[in-house]
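What's in coords_19.csv: CSV, C-alpha atoms
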```
chain,number,residue,atom,x,y,z
A,1,MET,CA,30.3,-0.3,-20.1
A,2,ILE,CA,27.9,-2.0,-17.8
A,3,LYS,CA,26.1,-4.9,-19.5
A,4,VAL,CA,22.5,-5.4,-18.3
A,5,ILE,CA,20.0,-8.2,-18.8
A,6,MET,CA,16.4,-7.0,-18.5
A,7,SER,CA,14.1,-9.5,-16.9
A,8,GLY,CA,10.5,-8.8,-17.8
A,9,CYS,CA,11.7,-6.9,-20.8
A,10,CYS,CA,8.4,-6.9,-22.7
A,11,GLY,CA,6.3,-5.6,-19.8
A,12,HIS,CA,5.6,-2.0,-19.2
A,13,MET,CA,8.5,-1.4,-16.7
A,14,GLY,CA,10.8,-3.4,-18.9
A,15,ARG,CA,10.1,-1.0,-21.8
A,16,VAL,CA,10.6,2.1,-19.5
A,17,VAL,CA,14.0,0.7,-18.2
A,18,THR,CA,15.0,0.0,-21.8
A,19,GLU,CA,14.4,3.6,-22.8
A,20,ILE,CA,16.2,5.0,-19.8
A,21,VAL,CA,19.3,2.7,-20.2
A,22,GLY,CA,19.4,3.9,-23.9
A,23,GLU,CA,20.1,7.4,-22.5
A,24,TRP,CA,23.0,6.3,-20.4
A,25,GLN,CA,26.5,6.5,-21.9
A,26,ASP,CA,28.1,3.8,-19.8
A,27,MET,CA,25.3,1.2,-19.7
A,28,GLU,CA,23.6,-1.0,-22.3
A,29,ILE,CA,21.0,-3.8,-22.3
A,30,VAL,CA,22.5,-6.9,-23.9
A,31,ALA,CA,19.6,-9.3,-23.5
A,32,GLY,CA,16.2,-9.8,-22.0
A,33,PHE,CA,14.1,-12.5,-20.3
A,34,ASP,CA,10.4,-12.7,-21.0
A,35,VAL,CA,7.9,-15.6,-21.6
A,36,TYR,CA,6.3,-13.3,-24.2
A,37,ASP,CA,8.6,-12.0,-26.9
A,38,SER,CA,7.0,-8.9,-28.5
A,39,GLY,CA,9.7,-9.0,-31.2
A,40,ASP,CA,10.4,-5.3,-30.9
A,41,ARG,CA,13.2,-5.3,-28.4
A,42,PRO,CA,16.6,-4.1,-29.7
A,43,TYR,CA,18.3,-7.1,-28.1
A,44,PRO,CA,17.8,-10.9,-27.9
A,45,VAL,CA,15.0,-12.1,-25.7
A,46,PHE,CA,15.0,-15.5,-24.0
A,47,ALA,CA,12.0,-17.2,-22.7
A,48,SER,CA,13.9,-18.3,-19.5
A,49,PRO,CA,17.2,-17.5,-17.9
A,50,ALA,CA,18.4,-21.0,-18.5
A,51,GLU,CA,18.4,-20.4,-22.3
A,52,CYS,CA,20.5,-17.3,-22.1
A,53,ASP,CA,24.0,-17.4,-23.5
A,54,VAL,CA,24.8,-13.7,-23.3
A,55,ASP,CA,27.4,-12.4,-20.8
A,56,ALA,CA,26.3,-9.6,-18.5
A,57,ASP,CA,27.3,-7.7,-15.4
A,58,VAL,CA,23.9,-7.4,-13.7
A,59,VAL,CA,20.2,-8.3,-14.1
A,60,ILE,CA,17.4,-5.9,-13.5
A,61,ASP,CA,14.1,-7.7,-12.7
A,62,PHE,CA,10.7,-6.3,-13.3
A,63,SER,CA,8.9,-9.5,-14.1
A,64,SER,CA,6.8,-11.8,-11.9
A,65,VAL,CA,7.1,-13.6,-8.6
A,66,LYS,CA,6.7,-16.8,-10.6
A,67,ALA,CA,10.0,-16.2,-12.4
A,68,LEU,CA,12.1,-15.9,-9.2
A,69,ASP,CA,13.4,-19.5,-8.9
A,70,GLY,CA,14.8,-19.6,-12.4
A,71,LEU,CA,16.2,-16.1,-12.1
A,72,LEU,CA,18.0,-16.9,-8.8
A,73,ALA,CA,19.4,-20.1,-10.1
A,74,TYR,CA,20.8,-18.3,-13.2
A,75,CYS,CA,22.3,-15.5,-11.1
A,76,VAL,CA,24.0,-17.9,-8.6
A,77,GLU,CA,25.3,-20.2,-11.4
A,78,LYS,CA,26.6,-17.3,-13.6
A,79,GLN,CA,27.6,-15.1,-10.7
A,80,VAL,CA,25.6,-12.2,-12.1
A,81,PRO,CA,24.2,-9.7,-9.5
A,82,ALA,CA,20.5,-9.0,-9.6
A,83,VAL,CA,18.4,-5.9,-8.8
A,84,LEU,CA,15.0,-7.3,-7.8
A,85,CYS,CA,12.2,-4.8,-8.3
A,86,THR,CA,9.2,-7.2,-8.3
A,87,THR,CA,6.9,-7.2,-5.4
A,88,GLY,CA,4.5,-9.7,-3.8
A,89,TYR,CA,7.0,-12.4,-2.8
A,90,THR,CA,6.0,-15.0,-0.3
A,91,ASP,CA,7.9,-15.6,2.9
A,92,GLU,CA,9.4,-18.7,1.3
A,93,GLN,CA,10.5,-16.8,-1.7
A,94,LEU,CA,12.1,-14.1,0.5
A,95,GLY,CA,14.0,-16.9,2.2
A,96,SER,CA,15.2,-18.1,-1.1
A,97,ILE,CA,16.4,-14.5,-1.9
A,98,THR,CA,18.3,-14.4,1.4
A,99,GLU,CA,20.0,-17.7,0.7
A,100,ALA,CA,21.0,-16.6,-2.9
A,101,SER,CA,22.5,-13.4,-1.5
A,102,LYS,CA,25.0,-15.5,0.4
A,103,LYS,CA,26.4,-16.6,-3.0
A,104,VAL,CA,25.9,-13.5,-5.2
A,105,ALA,CA,25.1,-9.8,-4.8
A,106,ILE,CA,21.3,-9.2,-4.6
A,107,LEU,CA,19.6,-5.9,-4.2
A,108,ARG,CA,15.9,-5.9,-3.4
A,109,SER,CA,13.6,-3.0,-2.7
A,110,ALA,CA,9.8,-2.8,-2.5
A,111,ASN,CA,10.1,0.6,-4.1
A,112,MET,CA,13.0,1.9,-6.2
A,113,SER,CA,12.3,5.6,-5.9
A,114,LEU,CA,14.6,8.0,-4.0
A,115,GLY,CA,11.6,9.7,-2.4
A,116,ILE,CA,10.1,6.6,-0.9
A,117,ASN,CA,13.4,5.5,0.6
A,118,LEU,CA,13.9,9.0,2.1
A,119,LEU,CA,10.3,8.8,3.4
A,120,GLN,CA,11.2,5.5,5.2
A,121,ALA,CA,14.0,7.2,7.0
A,122,LEU,CA,11.8,10.2,8.0
A,123,LEU,CA,9.1,7.8,9.3
A,124,LYS,CA,11.6,6.1,11.7
A,125,GLU,CA,12.3,9.4,13.3
A,126,ALA,CA,8.7,10.5,13.4
A,127,ALA,CA,7.6,7.2,15.0
A,128,LYS,CA,10.2,7.6,17.9
A,129,VAL,CA,8.4,10.9,18.9
A,130,LEU,CA,4.8,10.2,18.0
A,131,SER,CA,4.3,6.6,19.0
A,132,PRO,CA,5.2,7.1,22.6
A,133,ALA,CA,2.9,10.1,22.6
A,134,GLY,CA,-0.1,7.8,21.8
A,135,PHE,CA,-0.5,8.6,18.1
A,136,ASP,CA,-2.3,5.9,16.0
A,137,VAL,CA,-0.7,4.9,12.7
A,138,GLU,CA,-2.6,4.2,9.5
A,139,ILE,CA,-1.3,3.7,6.0
A,140,VAL,CA,-3.4,4.1,2.8
A,141,GLU,CA,-2.0,3.0,-0.6
A,142,LYS,CA,-3.5,3.5,-4.0
A,143,HIS,CA,-2.5,1.9,-7.3
A,144,HIS,CA,-3.9,1.2,-10.8
A,145,ASN,CA,-6.5,-1.5,-11.4
A,146,ARG,CA,-4.0,-4.0,-12.9
A,147,LYS,CA,-1.9,-4.3,-9.8
A,148,LEU,CA,-2.1,-7.9,-8.5
A,149,ASP,CA,-0.8,-7.8,-4.9
A,150,ALA,CA,-2.4,-5.9,-2.0
A,151,PRO,CA,-1.3,-4.2,0.1
A,152,SER,CA,1.6,-2.9,-1.9
A,153,GLY,CA,5.1,-4.0,-1.1
A,154,THR,CA,5.9,-0.3,-0.5
A,155,ALA,CA,3.1,0.0,2.1
A,156,ILE,CA,4.5,-3.0,4.0
A,157,ALA,CA,8.0,-1.5,3.7
A,158,LEU,CA,6.8,1.8,5.2
A,159,ALA,CA,5.1,0.0,8.1
A,160,ASP,CA,8.2,-2.1,8.6
A,161,SER,CA,10.3,1.1,8.9
A,162,ILE,CA,8.0,2.4,11.7
A,163,ASN,CA,8.0,-1.0,13.4
A,164,GLU,CA,11.7,-1.3,13.2
A,165,ALA,CA,12.1,2.1,14.9
A,166,MET,CA,9.8,0.9,17.7
A,167,ASP,CA,11.4,-2.5,18.3
A,168,GLY,CA,8.7,-4.5,16.6
A,169,VAL,CA,5.8,-3.5,18.9
A,170,TYR,CA,3.2,-3.1,16.1
A,171,GLU,CA,1.0,-5.7,14.4
A,172,TYR,CA,-0.5,-5.0,11.0
A,173,THR,CA,-4.3,-5.0,10.4
A,174,TYR,CA,-5.4,-5.3,6.8
A,175,ASP,CA,-9.2,-5.8,7.2
A,176,ARG,CA,-11.5,-4.5,10.0
A,177,SER,CA,-14.7,-5.8,8.4
A,178,GLN,CA,-14.6,-9.2,10.2
A,179,GLU,CA,-14.5,-7.8,13.8
A,180,LYS,CA,-16.4,-5.1,15.5
A,181,LYS,CA,-14.0,-3.7,18.1
A,182,ARG,CA,-11.9,-0.6,18.8
A,183,ARG,CA,-8.4,-0.5,17.2
A,184,GLU,CA,-5.5,-1.3,19.4
A,185,GLN,CA,-2.6,1.1,20.1
A,186,SER,CA,-0.2,-1.6,19.0
A,187,GLU,CA,-1.6,-1.9,15.4
A,188,ILE,CA,-0.8,-0.3,12.1
A,189,GLY,CA,-3.9,-0.3,9.8
A,190,ILE,CA,-3.0,-0.7,6.1
A,191,SER,CA,-5.7,0.0,3.5
A,192,SER,CA,-5.6,-0.6,-0.3
A,193,VAL,CA,-7.3,1.2,-3.2
A,194,ARG,CA,-7.2,-0.1,-6.7
A,195,GLY,CA,-8.5,1.9,-9.7
A,196,GLY,CA,-7.9,3.6,-13.0
A,197,THR,CA,-4.3,4.4,-13.9
A,198,ILE,CA,-3.0,5.5,-10.5
A,199,VAL,CA,0.8,5.0,-10.6
A,200,GLY,CA,1.3,4.9,-6.9
A,201,GLU,CA,0.2,6.9,-3.9
A,202,HIS,CA,1.1,6.3,-0.2
A,203,GLU,CA,-0.1,8.2,2.8
A,204,VAL,CA,1.1,7.5,6.3
A,205,ILE,CA,-1.2,9.0,9.0
A,206,PHE,CA,-0.2,9.7,12.6
A,207,ALA,CA,-3.5,10.5,14.3
A,208,GLY,CA,-3.3,11.8,17.9
A,209,LEU,CA,-5.5,13.8,20.3
A,210,ASP,CA,-6.8,16.8,18.3
A,211,GLU,CA,-4.0,16.7,15.7
A,212,VAL,CA,-3.0,14.7,12.7
A,213,ILE,CA,0.4,14.5,11.0
A,214,THR,CA,0.5,13.1,7.5
A,215,PHE,CA,3.4,11.9,5.4
A,216,GLY,CA,2.8,11.3,1.7
A,217,HIS,CA,4.4,10.3,-1.6
A,218,THR,CA,2.9,10.4,-5.1
A,219,ALA,CA,4.4,8.8,-8.1
A,220,TYR,CA,3.3,10.5,-11.3
A,221,SER,CA,5.3,8.3,-13.6
A,222,ARG,CA,6.8,4.8,-13.5
A,223,SER,CA,10.1,6.3,-14.8
A,224,ILE,CA,11.1,7.1,-11.2
A,225,PHE,CA,11.1,3.4,-10.4
A,226,ALA,CA,13.1,2.7,-13.6
A,227,LYS,CA,15.7,5.3,-12.9
A,228,GLY,CA,16.1,4.0,-9.4
A,229,ALA,CA,16.6,0.5,-10.8
A,230,VAL,CA,19.2,1.7,-13.2
A,231,GLN,CA,21.1,3.5,-10.5
A,232,ALA,CA,20.9,0.3,-8.4
A,233,ALA,CA,22.3,-1.7,-11.2
A,234,ALA,CA,25.3,0.7,-11.6
A,235,PHE,CA,25.9,0.4,-7.9
A,236,LEU,CA,25.7,-3.4,-7.8
A,237,LYS,CA,28.2,-4.2,-10.6
A,238,GLY,CA,31.2,-5.9,-9.1
A,239,LYS,CA,29.8,-6.0,-5.6
A,240,PRO,CA,30.6,-9.1,-3.4
A,241,ALA,CA,27.8,-11.5,-2.4
A,242,GLY,CA,25.4,-9.9,0.0
A,243,TYR,CA,21.9,-8.6,0.5
A,244,TYR,CA,21.7,-4.9,-0.5
A,245,GLY,CA,18.9,-2.3,-0.4
A,246,MET,CA,18.3,1.1,-1.9
A,247,ASP,CA,19.6,2.7,1.3
A,248,ASP,CA,23.0,1.4,0.2
A,249,VAL,CA,22.7,3.2,-3.1
A,250,ILE,CA,21.5,6.4,-1.5
A,251,ARG,CA,24.4,6.4,1.0
A,252,LEU,CA,26.9,5.9,-1.9
A,253,ASN,CA,25.4,8.7,-3.9
A,254,GLY,CA,25.1,11.0,-0.9
```

As structure tokens - that is how I would like this structure written.
Amino acid sequence: MIKVIMSGCCGHMGRVVTEIVGEWQDMEIVAGFDVYDSGDRPYPVFASPAECDVDADVVIDFSSVKALDGLLAYCVEKQVPAVLCTTGYTDEQLGSITEASKKVAILRSANMSLGINLLQALLKEAAKVLSPAGFDVEIVEKHHNRKLDAPSGTAIALADSINEAMDGVYEYTYDRSQEKKRREQSEIGISSVRGGTIVGEHEVIFAGLDEVITFGHTAYSRSIFAKGAVQAAAFLKGKPAGYYGMDDVIRLNG
């Protein structure tokens, strides 16, 4: 039985993960972290990781960037691997995650869905053909009106996949309102939309001379992210210290 601690257990994603884990035969949530205890979780909830006295095999984190320091300190001290699903980390925080991964297994992904991770692989191949042919690249992401960070971590991850395939030649442009000039060939434009209850939509546009090729992904339910996180937790149990991604999970399952 894989014992899981749910960080951010009283938030929406925490509730979805709790429901999904409840359907797994070889996994259970034994505790949760959350500054707000709703009182309706079927396991003990601790306001901070430092207060937790429950043994576990892995932590799934859908909380807040503000909780990162305490979470990493707990995971390193207790040697409990962590699946980090929160987005919006600063460069400094990403550095802290890298340092922690040298001491304990950490899996981080901007998006936990199988479809998005497959899309990243497809974009790398498309970029190798379309970028040298002069196609411009634009990314449009749409999310619900409660999402705090923009652009989304997934949009950045998609741009990074293209940039990685092209040896880092691209720069990212998030706002064209301050300058009146033509776009550069070496830029990827990233635009954000926030409204209503949109779970998540990402569109990657390769625009060339007289033709446009579009790659898209639409999430209709947050359960796809929760399922990916649960799969990642099962993968991470018992893994040695290191920095893992969803591509590692996909390779194992494939």

Taking all atoms listed in the file into account, name the residue in A:Thr197, A:Thr86, A:Gln25, A:Pro132 that is nearest to Gly8 (chain A).
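Residue with the minimum atom-to-atom distance to Gly8 (chain A): A:Thr86.
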
Between A:Ser109, A:Ser191, A:Ser101, A:Ser38, which residue has the minimum interatomic distance to Gly245 (chain A), considering all atoms listed in the file?
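So, comparing all the options, the nearest one is A:Ser109.
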
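Using only C-alpha atoms, the protein and nucleic acid residues lying no more than 12 Å from Asp53 (chain A), apart from those fewer than 5 places from it along its own chain, are Ile5, Val30, Ala31, Gly32, Phe33, Pro44, Val45, Phe46, Ser48, Tyr74 and Lys78 of chain A.
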
Computed gap from CA of Thr154 (chain A) to CA of Ala232 (chain A) is 17.0 Å

CA of Asp175 (chain A) to CA of Asn145 (chain A): how many Å, to one decimal?
19.3 Å

Using Å and a single decimal, report how far CA of Leu71 (chain A) sits from CA of Ala100 (chain A).
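Atom-to-atom, CA of Ala100 (chain A) and CA of Leu71 (chain A) are spaced 10.4 Å apart.
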
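Considering all atoms listed in the file, the residue among A:Gln79, A:Lys66, A:Glu28, A:Leu107 positioned nearest to Gln93 (chain A) is A:Lys66.
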
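With all atoms listed in the file as the atoms that count, the minimum distance from Asp210 (chain A) to the choices A:Thr173, A:Gly134, A:Ala126, A:Ile190 is reached by A:Gly134.
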
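For the choices A:Lys124, A:Lys180, A:Lys147, A:Arg194, the atom-to-atom distance to Ala165 (chain A) is smallest for A:Lys124 when using only C-alpha atoms.
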
Which residue out of A:Thr90, A:Ser223, A:Ser96, A:Gln231 has the minimum interatomic distance to Asp69 (chain A) when all atoms listed in the file are used?
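Using all atoms listed in the file, the shortest distance to Asp69 (chain A) belongs to A:Ser96.
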
Neighbour residues at most 12 Å from (4.8, 5.4, 19.3) (only C-alpha atoms) as a ChimeraX atom specification:
/A:123-137,162-170,185-188,206-208

If we count only C-alpha atoms, what is near Val83 (chain A) at a cut-off of 8 Å, once residues fewer than 2 positions away on the same chain are taken out, given as a PyMOL selection string?
chain A and resi 58-61+81+85+106-108+229+232-233+236

How would you write as a list in words the residues that get within 12 Å of (-7.8, 7.5, -12.2) in the file's frame, counting all atoms listed in the file?
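Here the neighbourhood of the point contains Lys142, His143, His144, Asn145, Val193, Arg194, Gly195, Gly196, Thr197, Ile198, Val199, Gly200, Glu201 and Tyr220 of chain A.
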
Near Arg251 (chain A), counting only C-alpha atoms, which residues have an atom at most 12 Å away, once you skip same-chain residues fewer than 6 positions from it, shown as a PyMOL selection string?
chain A and resi 114+117-118+232+235+244-245

Would you pick out the contacts of Ser152 (chain A) at 8 Å or less, using all atoms listed in the file, so that residues sharing its chain but fewer than 3 positions from it are not included, and give the list as a list in words?
Thr87, Gly88, Glu141, Asp149, Ala155, Ile156 and Ser192 of chain A
